[in-house]
Amino acid sequence: MSFTKFSLALCAILSTLLPLTTAQAPEGKPYTDPKTNITFSTWEIGESSGSGPFTFGLALPPNALKTDATEFIGYMKCAPSNGWCGVSLGGSMTNALLVVAYADQKQNVKRSLRFTSKYTLPGVYEGNATISPIASEVEKDSFTTVFRCEECLRWAQNGTEGSAATSSGNLDLAFAVEAEGPDQGCPDEAKFRKHSGQGTWVGFVDNSTVSESYESWAGKAETVRGGGC
């Protein structure tokens with residue numbers, strides 16, 4: 001298989017996580033997004049092979065440390081601005097929900113939920129999850145997106161089930177980044193090129209990750225039909 005053909009496969013997303021490469025064990029830090037005033041626990045991962053740095057953030061409902069949450073508000077900062085980035089909510093490419101983001105040619109940030117049980121092109125996730133934008137920004141060297149992801153911390157497809165247990169105080173996470181964005185199209189139709197950087201880390205969640213303001217923040221999310229096309 002030529003590199004060109006292979007690059008169209010969204011095994012591009014986290015495919016070399018077999019075996020998994022451990023990231024720099026980033027330390028979680030509180031961060032308040034100035035556009036939304038939402039406070040996240042964030043993890044920043046340094047530049048890798050021309051892509052990055054990459055930052056992922058989580059905000060959780062107030063009881064998430066006692067009862068496993070099923071949703072979260074996410075923050076992603078990806079570089080460069082014409083690339084793409086992705087997160088696995090289960091720490092692996094396979095059998096876990098994948099969240100992918102990129103900025104299109106019109107400088108609109110798009111998001112897509114993907115899933116695969118094999119190391120092949122992940123298709124659009126067919127489960128009961130919804131991703132809704134809250135705020136996005138595209139700058140010269142990076143883009144950011146804040147979004148609500150409902151039913152994203154548990155997943156089920158084709159007889160495979162999984163979840164991220166927020167009550168455990170830690171989440172197995174993985175990331176992938178690529179400097180060249182996908183072929184243009186609606187998010188659920190985008191063809192992503194092979195990533196140039198990837199890894200895993202454990203995200204520790206604590207009192208700085210949960211908030212009594214969660215419902216108010218979540219209410220800022222917009223309903224976007226057709227995958228944000």
# chains A, B, ... in the order shown; residues from 1 in each chain; ligands from 1

$ residues_around --residues "Ala164 of chain A" --least-positions-apart "5" --cutoff "12 Å" --atoms "only C-alpha atoms" --output "VMD selection string"
chain A and resid 64 to 65 67 to 72 88 to 92 95 to 97 151 to 155 169 to 173 202 to 205

$ residues_around --residues "segment 157-160 of chain A" --least-positions-apart "3" --cutoff "10 Å" --atoms "only C-alpha atoms" --output "VMD selection string"
chain A and resid 95 to 97 115 to 117 125 to 128

$ write_last_selection --atoms "N, CA and C atoms" --output "PDB file, in the first residue's frame"
ATOM      1  N   ASN A  95     -11.862   0.433  20.221  1.00  0.00           N
ATOM      2  CA  ASN A  95     -12.851   0.187  21.272  1.00  0.00           C
ATOM      3  C   ASN A  95     -12.976   1.331  22.258  1.00  0.00           C
ATOM      4  N   ALA A  96     -12.784   2.540  21.784  1.00  0.00           N
ATOM      5  CA  ALA A  96     -12.953   3.730  22.613  1.00  0.00           C
ATOM      6  C   ALA A  96     -13.452   4.865  21.729  1.00  0.00           C
ATOM      7  N   LEU A  97     -14.182   5.777  22.327  1.00  0.00           N
ATOM      8  CA  LEU A  97     -14.702   6.898  21.555  1.00  0.00           C
ATOM      9  C   LEU A  97     -13.579   7.878  21.226  1.00  0.00           C
ATOM     10  N   PHE A 115     -15.205   5.853  15.800  1.00  0.00           N
ATOM     11  CA  PHE A 115     -15.071   4.620  16.582  1.00  0.00           C
ATOM     12  C   PHE A 115     -14.625   3.489  15.661  1.00  0.00           C
ATOM     13  N   THR A 116     -13.777   2.615  16.183  1.00  0.00           N
ATOM     14  CA  THR A 116     -13.398   1.402  15.457  1.00  0.00           C
ATOM     15  C   THR A 116     -13.026   0.315  16.447  1.00  0.00           C
ATOM     16  N   SER A 117     -13.316  -0.913  16.083  1.00  0.00           N
ATOM     17  CA  SER A 117     -12.907  -2.064  16.892  1.00  0.00           C
ATOM     18  C   SER A 117     -11.670  -2.733  16.314  1.00  0.00           C
ATOM     19  N   TYR A 125     -19.026   7.399  14.692  1.00  0.00           N
ATOM     20  CA  TYR A 125     -19.602   6.696  15.838  1.00  0.00           C
ATOM     21  C   TYR A 125     -21.116   6.618  15.688  1.00  0.00           C
ATOM     22  N   GLU A 126     -21.669   5.440  15.915  1.00  0.00           N
ATOM     23  CA  GLU A 126     -23.091   5.208  15.714  1.00  0.00           C
ATOM     24  C   GLU A 126     -23.888   5.240  17.008  1.00  0.00           C
ATOM     25  N   GLY A 127     -23.225   5.459  18.122  1.00  0.00           N
ATOM     26  CA  GLY A 127     -23.902   5.447  19.409  1.00  0.00           C
ATOM     27  C   GLY A 127     -24.651   6.734  19.705  1.00  0.00           C
ATOM     28  N   ASN A 128     -25.072   6.846  20.964  1.00  0.00           N
ATOM     29  CA  ASN A 128     -25.967   7.921  21.370  1.00  0.00           C
ATOM     30  C   ASN A 128     -25.214   9.123  21.925  1.00  0.00           C
TER      31      ASN A 128
END

$ atom_distance --atom1 "atom CA of Thr36 of chain A" --atom2 "atom CA of Ala135 of chain A"
7.2 Å

$ residues_around --residues "Cys78 of chain A" --least-positions-apart "2" --cutoff "10 Å" --atoms "only C-alpha atoms" --output "list in words"
Ser51, Gly52, Pro53, Phe54, Thr55, Phe56, Tyr75, Met76, Pro80, Ser81, Asn82, Gly83, Trp84, Cys85, Gly86, Ala101, Tyr102, Ala103, Val138, Asp141, Ser142, Phe143, Thr144, Thr145, Val177, Glu178 and Ala179 of chain A

$ closest_residue --among "A:Ala165, A:Gly123, A:Ala129, A:Gln105" --to "Pro182 of chain A" --atoms "only C-alpha atoms"
A:Gln105

$ residues_around --residues "Glu27 of chain A" --least-positions-apart "3" --cutoff "10 Å" --atoms "only C-alpha atoms" --output "list in words"
Gln24, Ser41, Thr42, Trp43, Glu44, Ile45, Trp201, Val202, Gly203 and Phe204 of chain A

$ write_last_selection --atoms "N, CA and C atoms" --output "CSV table (one decimal), in the first residue's frame"
chain,number,residue,atom,x,y,z
A,24,GLN,N,4.5,12.6,27.6
A,24,GLN,CA,5.4,13.2,28.6
A,24,GLN,C,4.8,13.2,30.0
A,41,SER,N,-9.6,21.4,33.8
A,41,SER,CA,-8.4,20.8,34.1
A,41,SER,C,-7.7,20.5,32.7
A,42,THR,N,-6.5,21.0,32.5
A,42,THR,CA,-5.9,20.9,31.2
A,42,THR,C,-4.6,20.2,31.2
A,43,TRP,N,-4.3,19.5,30.1
A,43,TRP,CA,-3.0,18.8,30.0
A,43,TRP,C,-2.4,19.2,28.7
A,44,GLU,N,-1.1,19.8,28.7
A,44,GLU,CA,-0.5,20.2,27.5
A,44,GLU,C,0.7,19.3,27.2
A,45,ILE,N,0.7,18.9,25.9
A,45,ILE,CA,1.7,17.9,25.4
A,45,ILE,C,2.5,18.7,24.4
A,201,TRP,N,-1.6,9.3,28.1
A,201,TRP,CA,-1.3,9.8,29.4
A,201,TRP,C,-2.5,9.5,30.3
A,202,VAL,N,-2.2,9.6,31.6
A,202,VAL,CA,-3.3,9.5,32.6
A,202,VAL,C,-3.7,10.8,33.1
A,203,GLY,N,-4.9,11.2,32.9
A,203,GLY,CA,-5.4,12.5,33.3
A,203,GLY,C,-6.1,12.4,34.7
A,204,PHE,N,-5.5,13.0,35.7
A,204,PHE,CA,-6.1,12.9,37.0
A,204,PHE,C,-7.1,14.0,37.2

$ select_by_dssp --residues "chain A" --states "strand (DSSP E)" --output "MDAnalysis selection string"
chainID A and resid 29:32 39:45 54:59 72:78 84:88 98:103 109:115 123:124 130:138 143:150 154:157 160:163 170:178 197:204

$ atom_distance --atom1 "atom CA of Thr94 of chain A" --atom2 "atom CA of Pro133 of chain A"
25.1 Å

$ atom_distance --atom1 "atom CA of Pro26 of chain A" --atom2 "atom CA of Gln198 of chain A"
13.5 Å

$ closest_residue --among "A:Ala176, A:Cys149, A:Thr209, A:Gly185" --to "Asn108 of chain A" --atoms "only C-alpha atoms"
A:Gly185

$ closest_residue --among "A:Ser132, A:Pro62, A:Ala79, A:Asp104" --to "Asp183 of chain A" --atoms "only C-alpha atoms"
A:Asp104

$ closest_residue --among "A:Lys220, A:Ser112, A:Ile131, A:Glu215" --to "Lys191 of chain A" --atoms "only C-alpha atoms"
A:Ser112
